[in-house]
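Undergrad: Supplied structure: target.cif, mmCIF, C-alpha atoms.
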```cif
data_upload
loop_
_atom_site.label_atom_id
_atom_site.label_comp_id
_atom_site.auth_asym_id
_atom_site.auth_seq_id
_atom_site.Cartn_x
_atom_site.Cartn_y
_atom_site.Cartn_z
CA MET A 453 13.62 -7.58 61.22
CA SER A 454 16.08 -10.18 60.03
CA ALA A 455 19.64 -10.63 61.22
CA PRO A 456 22.42 -10.40 58.62
CA ALA A 457 22.74 -13.37 56.32
CA LYS A 458 25.56 -15.79 56.98
CA PRO A 459 28.74 -14.66 55.23
CA SER A 460 29.18 -15.97 51.70
CA ALA A 461 32.10 -15.38 49.38
CA GLU A 462 30.26 -16.49 46.25
CA PRO A 463 30.22 -13.45 43.93
CA ILE A 464 27.06 -12.59 42.05
CA THR A 465 27.43 -11.04 38.64
CA ALA A 466 24.38 -12.31 36.74
CA ARG A 467 20.64 -12.20 37.25
CA ALA A 468 20.44 -15.96 36.58
CA GLN A 469 22.33 -16.66 39.82
CA LEU A 470 19.66 -14.78 41.76
CA VAL A 471 16.89 -16.76 40.09
CA ASP A 472 18.69 -20.02 40.84
CA TRP A 473 19.04 -19.00 44.50
CA LEU A 474 15.26 -18.57 44.83
CA ALA A 475 14.56 -21.79 42.94
CA SER A 476 16.90 -23.70 45.25
CA GLY A 477 14.27 -23.37 47.96
CA SER A 478 12.10 -25.95 46.17
CA LYS A 479 11.77 -29.23 48.04
CA PRO A 480 9.54 -32.34 48.09
CA SER A 481 6.48 -32.24 50.34
CA SER A 482 8.11 -34.71 52.74
CA HIS A 483 10.62 -31.95 53.55
CA TRP A 484 8.14 -29.10 53.96
CA ARG A 485 8.42 -27.41 57.32
CA ILE A 486 6.69 -24.71 59.37
CA GLY A 487 8.59 -21.71 60.73
CA THR A 488 6.59 -19.41 62.99
CA GLU A 489 7.67 -15.94 64.08
CA HIS A 490 5.94 -13.76 66.62
CA GLU A 491 6.73 -10.40 68.15
CA LYS A 492 5.64 -8.94 71.46
CA PHE A 493 5.92 -5.62 73.24
CA ALA A 494 8.10 -5.63 76.34
CA PHE A 495 7.12 -3.17 79.08
CA THR A 496 7.92 -2.31 82.68
CA THR A 497 5.07 -3.53 84.85
CA ASP A 498 4.96 -0.56 87.23
CA ASP A 499 4.60 2.22 84.64
CA LEU A 500 3.83 0.22 81.46
CA ARG A 501 6.62 1.90 79.48
CA PRO A 502 8.63 0.34 76.65
CA LEU A 503 12.01 -0.99 77.74
CA PRO A 504 15.27 0.83 77.08
CA TYR A 505 18.18 -1.25 75.90
CA GLU A 506 20.45 -0.63 78.88
CA GLY A 507 19.64 -0.67 82.59
CA GLU A 508 18.54 -3.11 85.26
CA ARG A 509 15.20 -3.51 83.50
CA GLY A 510 16.39 -3.26 79.94
CA ILE A 511 16.45 -5.42 76.85
CA ARG A 512 20.10 -6.35 77.36
CA ALA A 513 19.33 -7.67 80.86
CA LEU A 514 16.43 -9.68 79.45
CA LEU A 515 18.53 -11.26 76.70
CA GLU A 516 21.41 -12.01 79.04
CA GLY A 517 18.96 -13.63 81.44
CA MET A 518 17.74 -15.91 78.65
CA THR A 519 21.18 -17.47 78.29
CA GLN A 520 20.43 -19.63 81.35
CA PHE A 521 18.23 -21.73 79.05
CA GLY A 522 21.04 -22.48 76.61
CA TRP A 523 20.59 -19.57 74.23
CA ARG A 524 23.86 -18.19 72.85
CA PRO A 525 24.25 -14.42 72.47
CA ILE A 526 25.01 -12.64 69.20
CA GLU A 527 26.69 -9.26 69.55
CA GLU A 528 27.02 -6.18 67.39
CA ASP A 529 29.45 -3.47 68.50
CA GLY A 530 29.48 -4.94 71.99
CA HIS A 531 25.68 -5.08 72.28
CA VAL A 532 23.78 -8.35 72.61
CA ILE A 533 21.22 -8.03 69.83
CA ALA A 534 20.06 -11.65 69.34
CA LEU A 535 20.12 -15.17 70.75
CA ILE A 536 20.44 -18.47 68.88
CA ASP A 537 20.26 -22.16 69.71
CA ASP A 538 21.00 -25.43 67.95
CA SER A 539 17.44 -25.96 66.69
CA GLY A 540 17.57 -23.12 64.17
CA ALA A 541 15.48 -20.81 66.35
CA SER A 542 16.52 -17.31 67.37
CA VAL A 543 15.37 -14.47 69.59
CA THR A 544 15.84 -11.09 67.96
CA LEU A 545 15.03 -7.43 68.55
CA GLU A 546 12.79 -5.15 66.58
CA PRO A 547 13.70 -1.44 66.43
CA GLY A 548 11.55 -0.35 69.38
CA GLY A 549 12.57 -3.22 71.64
CA GLN A 550 9.87 -5.63 70.52
CA VAL A 551 11.09 -9.15 71.24
CA GLU A 552 10.71 -11.71 68.45
CA LEU A 553 10.93 -15.47 68.48
CA SER A 554 11.93 -16.78 65.05
CA GLY A 555 11.04 -20.39 65.46
CA ALA A 556 12.84 -23.47 64.20
CA PRO A 557 11.59 -25.25 61.05
CA LEU A 558 9.14 -27.76 62.52
CA GLU A 559 7.04 -30.60 61.15
CA ASP A 560 3.62 -29.84 62.63
CA ILE A 561 1.57 -27.28 64.55
CA HIS A 562 1.71 -29.31 67.77
CA GLN A 563 5.46 -28.76 67.77
CA THR A 564 4.92 -25.08 67.01
CA ASN A 565 2.56 -24.79 69.96
CA CYS A 566 5.09 -26.45 72.27
CA GLU A 567 7.88 -24.20 70.98
CA THR A 568 5.79 -21.09 71.63
CA TYR A 569 4.78 -22.25 75.10
CA THR A 570 8.38 -23.02 76.04
CA HIS A 571 9.60 -19.65 74.77
CA LEU A 572 6.93 -17.68 76.61
CA LYS A 573 7.62 -19.64 79.79
CA GLN A 574 11.31 -18.80 79.53
CA VAL A 575 10.89 -15.08 78.88
CA LYS A 576 8.32 -14.78 81.64
CA GLN A 577 10.63 -16.51 84.10
CA VAL A 578 13.39 -13.99 83.36
CA ALA A 579 11.02 -11.03 83.13
CA GLN A 580 9.28 -11.57 86.47
CA GLY A 581 12.52 -11.00 88.32
CA LEU A 582 13.08 -7.76 86.40
CA GLY A 583 9.59 -6.30 86.67
CA ILE A 584 8.96 -6.78 82.94
CA GLY A 585 5.82 -7.90 81.12
CA PHE A 586 4.99 -8.80 77.53
CA LEU A 587 1.98 -7.67 75.53
CA GLY A 588 0.45 -9.48 72.58
CA MET A 589 -1.30 -7.19 70.08
CA GLY A 590 -0.60 -5.50 66.76
CA PHE A 591 0.18 -1.87 67.68
CA GLN A 592 1.56 -0.23 70.81
CA PRO A 593 -1.68 1.08 72.36
CA LYS A 594 -0.35 3.74 74.74
CA TRP A 595 3.07 5.16 73.91
CA GLY A 596 4.19 7.30 70.97
CA ARG A 597 7.34 7.32 68.91
CA ALA A 598 9.06 9.79 71.23
CA ASP A 599 8.42 7.48 74.19
CA THR A 600 9.99 4.46 72.48
CA PRO A 601 13.75 3.82 72.82
CA TRP A 602 15.64 2.71 69.72
CA MET A 603 17.64 -0.49 69.82
CA PRO A 604 21.39 -0.35 68.99
CA LYS A 605 21.44 -2.17 65.66
CA GLY A 606 23.22 -0.65 62.67
CA ARG A 607 20.57 -1.44 60.08
CA TYR A 608 17.95 0.33 62.16
CA GLN A 609 19.82 3.63 62.07
CA ILE A 610 19.98 3.46 58.28
CA MET A 611 16.29 2.63 58.04
CA ARG A 612 15.42 5.31 60.59
CA ASP A 613 17.02 7.97 58.41
CA TYR A 614 15.60 6.64 55.12
CA MET A 615 12.02 5.71 56.07
CA PRO A 616 10.61 9.25 56.40
CA LYS A 617 11.73 9.97 52.84
CA ARG A 618 9.35 7.34 51.49
CA GLY A 619 6.27 7.39 53.74
CA ALA A 620 4.69 9.01 56.78
CA LYS A 621 4.29 5.83 58.85
CA GLY A 622 7.54 3.93 58.38
CA LEU A 623 8.85 4.85 61.81
CA ASP A 624 5.57 3.72 63.37
CA MET A 625 6.04 0.39 61.61
CA MET A 626 9.51 0.05 63.07
CA LEU A 627 8.80 1.18 66.61
CA ARG A 628 5.16 0.42 67.37
CA THR A 629 3.98 -2.73 65.57
CA CYS A 630 4.03 -6.46 66.29
CA THR A 631 3.03 -9.35 64.07
CA VAL A 632 2.79 -13.12 63.95
CA GLN A 633 3.78 -14.76 60.68
CA VAL A 634 4.59 -18.18 59.27
CA ASN A 635 7.15 -19.29 56.71
CA LEU A 636 6.14 -22.17 54.44
CA ASP A 637 7.77 -24.24 51.70
CA PHE A 638 6.95 -24.97 48.06
CA ALA A 639 7.66 -27.94 45.79
CA ASN A 640 8.65 -26.12 42.62
CA GLU A 641 7.98 -22.92 40.71
CA ALA A 642 4.41 -23.81 39.75
CA ASP A 643 3.59 -24.73 43.35
CA MET A 644 5.16 -21.49 44.57
CA VAL A 645 3.07 -19.46 42.15
CA LYS A 646 -0.20 -21.07 43.20
CA LYS A 647 0.58 -20.69 46.90
CA PHE A 648 1.73 -17.11 46.41
CA ARG A 649 -1.48 -16.13 44.60
CA VAL A 650 -3.84 -17.78 47.08
CA SER A 651 -2.06 -16.46 50.15
CA LEU A 652 -1.66 -12.95 48.75
CA ALA A 653 -5.35 -12.72 47.86
CA LEU A 654 -6.32 -13.96 51.33
CA GLN A 655 -3.98 -11.82 53.45
CA PRO A 656 -6.80 -9.31 54.08
CA LEU A 657 -8.80 -12.17 55.60
CA ALA A 658 -5.92 -12.92 57.95
CA THR A 659 -5.73 -9.20 58.76
CA ALA A 660 -9.41 -9.21 59.72
CA LEU A 661 -9.36 -12.45 61.71
CA PHE A 662 -6.31 -11.34 63.70
CA ALA A 663 -7.13 -7.61 63.93
CA SER A 664 -6.15 -6.53 67.45
CA SER A 665 -4.76 -3.02 67.21
CA PRO A 666 -7.57 -0.46 67.48
CA PHE A 667 -5.66 2.09 69.61
CA ILE A 668 -2.98 4.68 68.95
CA ASP A 669 -1.63 7.04 71.63
CA GLY A 670 -4.13 5.75 74.17
CA LYS A 671 -7.25 6.36 72.09
CA PRO A 672 -9.27 4.54 69.43
CA SER A 673 -7.63 5.03 66.05
CA GLY A 674 -10.74 4.49 63.95
CA LEU A 675 -9.17 1.27 62.71
CA LEU A 676 -9.34 -2.35 63.77
CA SER A 677 -5.79 -3.08 62.63
CA SER A 678 -3.64 0.01 63.00
CA ARG A 679 -0.65 -2.23 62.30
CA SER A 680 -1.96 -3.23 58.89
CA ASP A 681 -2.82 0.36 58.00
CA VAL A 682 0.74 1.49 58.79
CA TRP A 683 2.06 -0.58 55.89
CA THR A 684 -0.04 1.41 53.41
CA ASP A 685 2.13 4.49 54.03
CA THR A 686 5.55 3.02 54.79
CA ASP A 687 7.29 2.78 51.41
CA PRO A 688 5.53 2.24 48.07
CA ASP A 689 8.71 0.74 46.60
CA ARG A 690 8.69 -2.26 48.91
CA CYS A 691 5.17 -2.82 50.28
CA GLY A 692 1.76 -3.84 48.97
CA MET A 693 -0.21 -6.54 47.20
CA LEU A 694 2.18 -7.14 44.25
CA PRO A 695 -0.25 -7.16 41.28
CA PHE A 696 2.35 -8.81 39.02
CA VAL A 697 2.03 -12.05 41.03
CA PHE A 698 -1.33 -12.62 39.33
CA GLU A 699 -0.05 -11.91 35.82
CA ASP A 700 0.63 -14.62 33.26
CA GLY A 701 4.22 -15.79 33.32
CA PHE A 702 4.89 -14.93 36.95
CA GLY A 703 7.65 -17.00 38.54
CA PHE A 704 11.05 -16.77 40.14
CA GLU A 705 12.45 -14.53 37.39
CA ARG A 706 9.70 -11.94 37.76
CA TYR A 707 10.17 -11.78 41.52
CA VAL A 708 13.91 -11.29 41.05
CA ASP A 709 13.16 -8.37 38.73
CA TYR A 710 10.89 -6.88 41.40
CA MET A 711 13.61 -7.17 44.03
CA LEU A 712 16.22 -5.68 41.72
CA ASP A 713 14.00 -2.61 41.47
CA VAL A 714 13.52 -2.32 45.25
CA PRO A 715 16.01 0.33 46.43
CA MET A 716 18.67 -0.93 48.78
CA TYR A 717 19.10 -0.07 52.45
CA PHE A 718 22.60 -1.31 53.27
CA VAL A 719 25.49 -3.68 52.66
CA TYR A 720 26.93 -5.67 55.57
CA ARG A 721 30.72 -5.89 55.64
CA ASP A 722 33.09 -6.90 58.45
CA GLY A 723 30.45 -6.59 61.14
CA LYS A 724 29.32 -3.13 59.98
CA TYR A 725 26.31 -1.86 58.06
CA ILE A 726 27.29 0.41 55.16
CA ASP A 727 24.59 2.88 54.16
CA ALA A 728 23.44 2.21 50.60
CA SER A 729 19.92 3.58 51.05
CA GLY A 730 18.18 4.38 47.80
CA GLN A 731 20.91 2.77 45.69
CA SER A 732 20.35 0.07 43.07
CA PHE A 733 21.14 -3.62 43.37
CA ARG A 734 21.38 -3.65 39.57
CA ASP A 735 24.30 -1.22 39.88
CA PHE A 736 25.78 -3.48 42.56
CA LEU A 737 25.71 -6.41 40.10
CA ALA A 738 27.62 -4.27 37.62
CA GLY A 739 30.20 -3.18 40.19
CA ARG A 740 28.89 0.39 40.19
CA LEU A 741 27.36 0.68 43.67
CA PRO A 742 28.29 4.12 45.06
CA ALA A 743 28.57 2.69 48.58
CA LEU A 744 31.13 0.05 47.47
CA PRO A 745 32.59 1.13 44.13
CA GLY A 746 34.20 -1.64 42.16
CA GLN A 747 32.74 -4.44 44.28
CA VAL A 748 30.09 -6.94 43.23
CA PRO A 749 27.62 -8.56 45.65
CA THR A 750 27.78 -11.98 47.24
CA ILE A 751 24.83 -14.28 47.67
CA GLY A 752 24.76 -13.14 51.29
CA ASP A 753 24.19 -9.56 50.11
CA TRP A 754 21.27 -10.76 48.01
CA ALA A 755 19.82 -12.68 50.96
CA ASP A 756 20.08 -9.51 53.07
CA HIS A 757 18.44 -7.44 50.35
CA MET A 758 15.54 -9.90 50.17
CA THR A 759 14.69 -9.03 53.77
CA THR A 760 14.23 -5.33 52.97
CA ALA A 761 11.01 -5.70 50.96
CA PHE A 762 7.80 -5.84 52.96
CA PRO A 763 4.90 -6.99 50.75
CA GLU A 764 1.91 -8.77 52.26
CA VAL A 765 3.50 -12.07 51.20
CA ARG A 766 7.28 -12.23 50.78
CA LEU A 767 9.24 -14.74 48.74
CA LYS A 768 12.69 -15.90 49.76
CA LYS A 769 13.57 -19.60 49.67
CA PHE A 770 10.14 -20.00 51.21
CA LEU A 771 6.95 -17.94 51.42
CA GLU A 772 6.26 -15.64 54.38
CA MET A 773 2.68 -14.81 55.39
CA ARG A 774 2.80 -11.23 56.72
CA GLY A 775 -0.78 -9.97 57.15
CA ALA A 776 -1.63 -10.66 60.82
CA ASP A 777 -1.48 -8.64 64.03
CA GLY A 778 0.29 -10.11 67.01
CA GLY A 779 -2.01 -11.43 69.68
CA PRO A 780 -2.43 -13.59 72.75
CA TRP A 781 -0.95 -17.06 73.10
CA ARG A 782 -4.02 -18.91 71.83
CA ARG A 783 -3.79 -17.17 68.44
CA LEU A 784 -0.06 -17.66 67.90
CA ALA A 785 -0.50 -21.28 66.80
CA ALA A 786 -3.70 -20.40 64.93
CA LEU A 787 -1.84 -18.39 62.28
CA PRO A 788 0.43 -21.23 61.07
CA ALA A 789 -2.48 -23.65 61.38
CA PHE A 790 -4.61 -21.43 59.13
CA TRP A 791 -2.02 -21.28 56.35
CA VAL A 792 -0.70 -24.84 56.63
CA GLY A 793 -4.23 -26.18 56.25
CA LEU A 794 -4.75 -24.13 53.10
CA LEU A 795 -1.38 -24.43 51.41
CA TYR A 796 0.00 -27.86 52.32
CA ASP A 797 -2.86 -29.91 50.84
CA SER A 798 -3.13 -29.75 47.04
CA ALA A 799 -6.90 -30.33 46.84
CA VAL A 800 -7.58 -27.69 49.48
CA LEU A 801 -5.19 -25.28 47.76
CA ASP A 802 -7.13 -25.73 44.51
CA ALA A 803 -10.42 -25.14 46.34
CA ALA A 804 -9.05 -21.98 47.95
CA TRP A 805 -7.93 -20.74 44.53
CA ASP A 806 -11.47 -21.26 43.26
CA VAL A 807 -12.68 -18.86 45.96
CA VAL A 808 -10.30 -16.02 45.01
CA LYS A 809 -9.43 -16.53 41.34
CA ASP A 810 -12.11 -14.23 39.94
CA TRP A 811 -11.28 -11.26 42.17
CA SER A 812 -10.02 -8.40 40.03
CA LEU A 813 -6.98 -6.27 40.81
CA PRO A 814 -9.16 -3.33 41.95
CA GLU A 815 -11.16 -5.68 44.19
CA ARG A 816 -8.03 -7.12 45.80
CA GLU A 817 -6.61 -3.65 46.38
CA GLN A 818 -9.88 -2.38 47.84
CA LEU A 819 -10.09 -5.38 50.15
CA ARG A 820 -6.55 -4.65 51.35
CA THR A 821 -7.67 -1.08 52.12
CA ASP A 822 -10.95 -2.06 53.78
CA ALA A 823 -9.83 -4.96 55.99
CA PRO A 824 -7.90 -2.86 58.56
CA ARG A 825 -10.91 -0.54 58.86
CA LEU A 826 -13.93 -2.81 58.52
CA GLY A 827 -12.57 -6.18 59.58
CA LEU A 828 -14.91 -9.03 58.72
CA ARG A 829 -17.51 -6.56 57.42
CA ALA A 830 -15.33 -5.78 54.40
CA GLN A 831 -16.67 -7.16 51.15
CA VAL A 832 -15.29 -8.52 47.91
CA GLY A 833 -17.17 -10.04 44.98
CA GLY A 834 -20.49 -9.38 46.71
CA ARG A 835 -19.52 -11.40 49.80
CA SER A 836 -18.42 -10.34 53.25
CA LEU A 837 -15.07 -11.37 54.64
CA ARG A 838 -17.02 -13.06 57.42
CA ASP A 839 -18.75 -15.40 54.97
CA ILE A 840 -15.53 -15.98 53.05
CA GLY A 841 -13.74 -16.61 56.33
CA VAL A 842 -16.19 -19.30 57.38
CA GLU A 843 -15.68 -21.06 54.04
CA ILE A 844 -11.90 -20.69 54.01
CA LEU A 845 -11.55 -21.84 57.62
CA ALA A 846 -13.57 -24.95 56.79
CA LEU A 847 -11.15 -25.66 53.95
CA SER A 848 -8.16 -25.08 56.21
CA ALA A 849 -9.59 -27.43 58.83
CA GLN A 850 -10.04 -30.10 56.17
CA GLY A 851 -6.45 -29.65 55.04
CA LEU A 852 -5.22 -30.08 58.60
CA ARG A 853 -7.34 -33.16 59.17
CA ASN A 854 -6.00 -34.65 55.95
CA ARG A 855 -2.45 -34.32 57.32
CA LYS A 856 -3.34 -36.67 60.21
CA ARG A 857 -0.75 -35.14 62.55
CA CYS A 858 -2.07 -35.92 66.04
CA ASN A 859 -0.88 -34.93 69.49
CA ASP A 860 -0.55 -37.26 72.47
CA SER A 861 -4.30 -37.00 73.04
CA GLY A 862 -5.07 -38.12 69.49
CA ARG A 863 -6.27 -34.68 68.33
CA ASP A 864 -5.21 -33.37 64.93
CA GLU A 865 -3.94 -29.90 64.07
CA SER A 866 -7.40 -28.50 63.28
CA ILE A 867 -7.87 -27.86 67.02
CA TYR A 868 -5.73 -24.73 66.62
CA LEU A 869 -8.34 -23.16 64.35
CA ASP A 870 -11.02 -23.10 67.07
CA THR A 871 -10.29 -19.51 68.09
CA LEU A 872 -10.46 -18.29 64.48
CA GLN A 873 -13.63 -20.20 63.77
CA ALA A 874 -15.25 -18.55 66.79
CA ILE A 875 -14.21 -15.12 65.51
CA ALA A 876 -15.58 -15.81 62.04
CA ALA A 877 -18.83 -17.22 63.40
CA SER A 878 -19.38 -14.12 65.53
CA GLY A 879 -18.33 -11.68 62.80
CA ARG A 880 -16.48 -9.66 65.45
CA THR A 881 -12.74 -9.18 65.44
CA PRO A 882 -10.60 -9.17 68.60
CA ALA A 883 -10.20 -5.40 68.08
CA GLU A 884 -13.96 -4.90 68.41
CA GLU A 885 -13.92 -6.77 71.71
CA MET A 886 -11.16 -4.42 72.87
CA LEU A 887 -13.16 -1.37 71.84
CA ASP A 888 -16.21 -2.62 73.76
CA ALA A 889 -14.05 -3.05 76.85
CA TYR A 890 -12.57 0.43 76.37
CA GLN A 891 -16.02 1.98 76.24
CA GLY A 892 -17.19 -0.14 79.18
CA ARG A 893 -15.25 -1.74 81.98
CA TRP A 894 -11.91 -0.07 81.07
CA ASN A 895 -13.52 3.36 81.50
CA HIS A 896 -11.85 4.87 78.40
CA SER A 897 -8.36 3.76 79.41
CA VAL A 898 -6.01 1.43 77.54
CA ASP A 899 -4.01 0.58 80.65
CA PRO A 900 -6.00 -2.61 81.39
CA ILE A 901 -4.70 -4.05 78.10
CA PHE A 902 -1.31 -4.49 79.75
CA SER A 903 -2.78 -7.04 82.15
CA GLU A 904 -5.64 -8.60 80.16
CA TYR A 905 -3.55 -9.15 77.00
CA ALA A 906 -0.20 -9.81 78.65
CA TYR A 907 1.43 -13.21 78.17
#
```
Starting from the coordinates I provided, produce the structure as structure tokens.
TA:
Amino acid sequence: MSAPAKPSAEPITARAQLVDWLASGSKPSSHWRIGTEHEKFAFTTDDLRPLPYEGERGIRALLEGMTQFGWRPIEEDGHVIALIDDSGASVTLEPGGQVELSGAPLEDIHQTNCETYTHLKQVKQVAQGLGIGFLGMGFQPKWGRADTPWMPKGRYQIMRDYMPKRGAKGLDMMLRTCTVQVNLDFANEADMVKKFRVSLALQPLATALFASSPFIDGKPSGLLSSRSDVWTDTDPDRCGMLPFVFEDGFGFERYVDYMLDVPMYFVYRDGKYIDASGQSFRDFLAGRLPALPGQVPTIGDWADHMTTAFPEVRLKKFLEMRGADGGPWRRLAALPAFWVGLLYDSAVLDAAWDVVKDWSLPEREQLRTDAPRLGLRAQVGGRSLRDIGVEILALSAQGLRNRKRCNDSGRDESIYLDTLQAIAASGRTPAEEMLDAYQGRWNHSVDPIFSEYAY
């Protein structure tokens, strides 16, 4: 979940200003960057429980301990709720105490890998003294909603009250899921559209390759990605595969219209979240928002509102890839590598579009439904996701090799795809490996996950 946007006094009264704000994210390829975010479950190592906020082994103690590495605390109502540094990175909290690194905008995957390693080293150093561990997977495997403490952030209380009005699984999304995602740039509107279409069509492939959440409440859920399935019953107003992205004429204006129709959650004023749940940003533009009568929004309000839609790919001033479960360290760099290879090379992007361009709307929707359940066995256009994955990963590897970004050992970024290529070659998702262990050496217990999949 995003932190509030930086304050902005620029008033917004016209739709064109919102379109211009999105378009201002366009930049030449020499300025394209890679921003990786990953979440992880924090737990107490003796009883495996989620962390409360307060206490000797709480989230506050963890965040305060991180300040020894130069992180600066951000507070809300006297609570430390985030950390920032000078690189543009931040450490933030999800509603159930999941800890997220929102990485700095970096130039290559080698830097991303180093950033992730440094972050995990830091949190582990603090956590070991507190008896805390961190788990990398997509859904909390053992504990239910009632066992999960809520974090003291104002926007979460508003969402907590509103979510059950729109779907049965919104609170599970907030409290019990973790993801890894990457934020990528575009050159102009046409480039954004092509990248949006390719990445949206292929999110189910990412879901399958990264599927690592087959358990709910200590038992198999019948799914390979319980995290991905949660989004299908969170809120139909703000989730899904966005069919209009594939329609003729799609661009910045059409996405603005979509966001104007997404009901609001809140407005942030003077350090406080004001409940505007279910209200209309169109009314806000006209000065008729019930929560703030007579006021019009600022660009900061629009930036905040953009964070409250949760489609499989999200557009802001960049594109966010949102389809993957969290996982162990070796897969955290694989996710940005996968998408950078596909989207940052024009010839590869065209080739990837050739793979998906003939998929119909019903086929894309069915694939989105099937991927969390069937993984790489799901099919579209008469082909399995496994076969498509092998082809797409080969394209991604070519795109990464074409970038010629090498580490100190002379190896290019395609090395970070090795783990995904092994998954595709085997046809078995990480979730299926977990289920085999559950039926075998784990003796029908999920407790071993907290050691085998801990960072």
Undergrad: Compare A:Arg816, A:Lys573, A:Arg706, A:Arg524 by their minimum atom-to-atom distance to A:Gly540, counting all atoms listed in the file, and give me the closest one.
TA: A:Arg524
Undergrad: For A:Pro742, work out the shell of residues within 9 Å, counting only C-alpha atoms and skipping chain neighbours fewer than 4 positions away, then give it as a JSON list (two decimals) with C-alpha atoms, in the coordinates of the input.
TA:
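Result went into around30.json, see below:
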```json
[["chain", "number", "residue", "atom", "x", "y", "z"],
["A", 728, "ALA", "CA", 23.44, 2.21, 50.60],
["A", 731, "GLN", "CA", 20.91, 2.77, 45.69],
["A", 735, "ASP", "CA", 24.30, -1.22, 39.88],
["A", 736, "PHE", "CA", 25.78, -3.48, 42.56],
["A", 746, "GLY", "CA", 34.20, -1.64, 42.16]]
```
Undergrad: Nearest to A:Gln831: which of A:Phe704, A:Phe696, A:Tyr905, A:Trp811 is it, counting all atoms listed in the file?
TA: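 Counting all atoms listed in the file, the residue closest to A:Gln831 is A:Trp811.
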Undergrad: For the provided coordinates, the residues matched by the PyMOL selection byres ((chain A and resi 467) around 10) should be stated as a list in words.
TA: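 With the shown file as input, the PyMOL selection byres ((chain A and resi 467) around 10) matches Ile464, Thr465, Ala466, Ala468, Gln469, Leu470, Val471, Asp472, Glu705, Val708, Asp709, Leu712, Arg734 and Leu737 of chain A.
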Undergrad: Draw an axis-aligned box over all listed atoms of stretch 872-891 of chain A, pad each side with 6 Å, and write its centre and edge lengths in Å, one decimal, as lines of an AutoDock Vina configuration file.
TA:
```
center_x = -14.8
center_y = -9.1
center_z = 69.4
size_x = 21.2
size_y = 34.2
size_z = 26.8
```
Undergrad: With all atoms listed in the file as the counted atoms, please give the residues lying no more than 7 Å from stretch 867-884 of chain A, apart from itself and same-chain residues fewer than 6 positions off, as a VMD selection string.
TA: chain A and resid 660 to 666 676 783 785 to 786 789 to 790 827 to 828 838 841 to 842 845
Undergrad: Any chance you could export the current selection's C-alpha atoms as a short mmCIF file (atom, residue, chain, number, x, y, z; two decimals), keeping the file's coordinate frame?
TA:
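Final file, selection-v9.cif:
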```cif
data_model
loop_
_atom_site.label_atom_id
_atom_site.label_comp_id
_atom_site.auth_asym_id
_atom_site.auth_seq_id
_atom_site.Cartn_x
_atom_site.Cartn_y
_atom_site.Cartn_z
CA ALA A 660 -9.41 -9.21 59.72
CA LEU A 661 -9.36 -12.45 61.71
CA PHE A 662 -6.31 -11.34 63.70
CA ALA A 663 -7.13 -7.61 63.93
CA SER A 664 -6.15 -6.53 67.45
CA SER A 665 -4.76 -3.02 67.21
CA PRO A 666 -7.57 -0.46 67.48
CA LEU A 676 -9.34 -2.35 63.77
CA ARG A 783 -3.79 -17.17 68.44
CA ALA A 785 -0.50 -21.28 66.80
CA ALA A 786 -3.70 -20.40 64.93
CA ALA A 789 -2.48 -23.65 61.38
CA PHE A 790 -4.61 -21.43 59.13
CA GLY A 827 -12.57 -6.18 59.58
CA LEU A 828 -14.91 -9.03 58.72
CA ARG A 838 -17.02 -13.06 57.42
CA GLY A 841 -13.74 -16.61 56.33
CA VAL A 842 -16.19 -19.30 57.38
CA LEU A 845 -11.55 -21.84 57.62
#
```
Undergrad: Mind pulling up the distance from atom CA of A:Arg501 to atom CA of A:Tyr608?
TA: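 That distance, rounded to one decimal, is 20.8 Å.
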Undergrad: Determine, counting all atoms listed in the file, which protein, DNA and RNA residues have an atom within 6 Å of an atom of A:Glu489; residues of the same chain fewer than 3 positions away are not included. Present the result as JSON, numbers by chain.
TA: {"A": [553, 554, 555, 632, 633]}
Undergrad: Place N, CA and C atoms on stretch 531-538 of chain A and deliver the coordinates as a tab-separated table (two decimals), in the frame of the given file.
TA:
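Printed below is part-v2.tsv as written:
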```tsv
chain	number	residue	atom	x	y	z
A	531	HIS	N	27.05	-4.97	71.79
A	531	HIS	CA	25.68	-5.08	72.28
A	531	HIS	C	25.12	-6.46	71.94
A	532	VAL	N	24.51	-7.11	72.90
A	532	VAL	CA	23.78	-8.35	72.61
A	532	VAL	C	22.51	-7.97	71.86
A	533	ILE	N	22.38	-8.43	70.63
A	533	ILE	CA	21.22	-8.03	69.83
A	533	ILE	C	20.38	-9.24	69.37
A	534	ALA	N	20.82	-10.46	69.72
A	534	ALA	CA	20.06	-11.65	69.34
A	534	ALA	C	20.57	-12.84	70.14
A	535	LEU	N	19.77	-13.90	70.13
A	535	LEU	CA	20.12	-15.17	70.75
A	535	LEU	C	19.85	-16.28	69.75
A	536	ILE	N	20.67	-17.33	69.76
A	536	ILE	CA	20.44	-18.47	68.88
A	536	ILE	C	20.58	-19.76	69.67
A	537	ASP	N	20.03	-20.84	69.12
A	537	ASP	CA	20.26	-22.16	69.71
A	537	ASP	C	20.51	-23.16	68.59
A	538	ASP	N	20.64	-24.43	68.94
A	538	ASP	CA	21.00	-25.43	67.95
A	538	ASP	C	19.83	-25.90	67.09
```
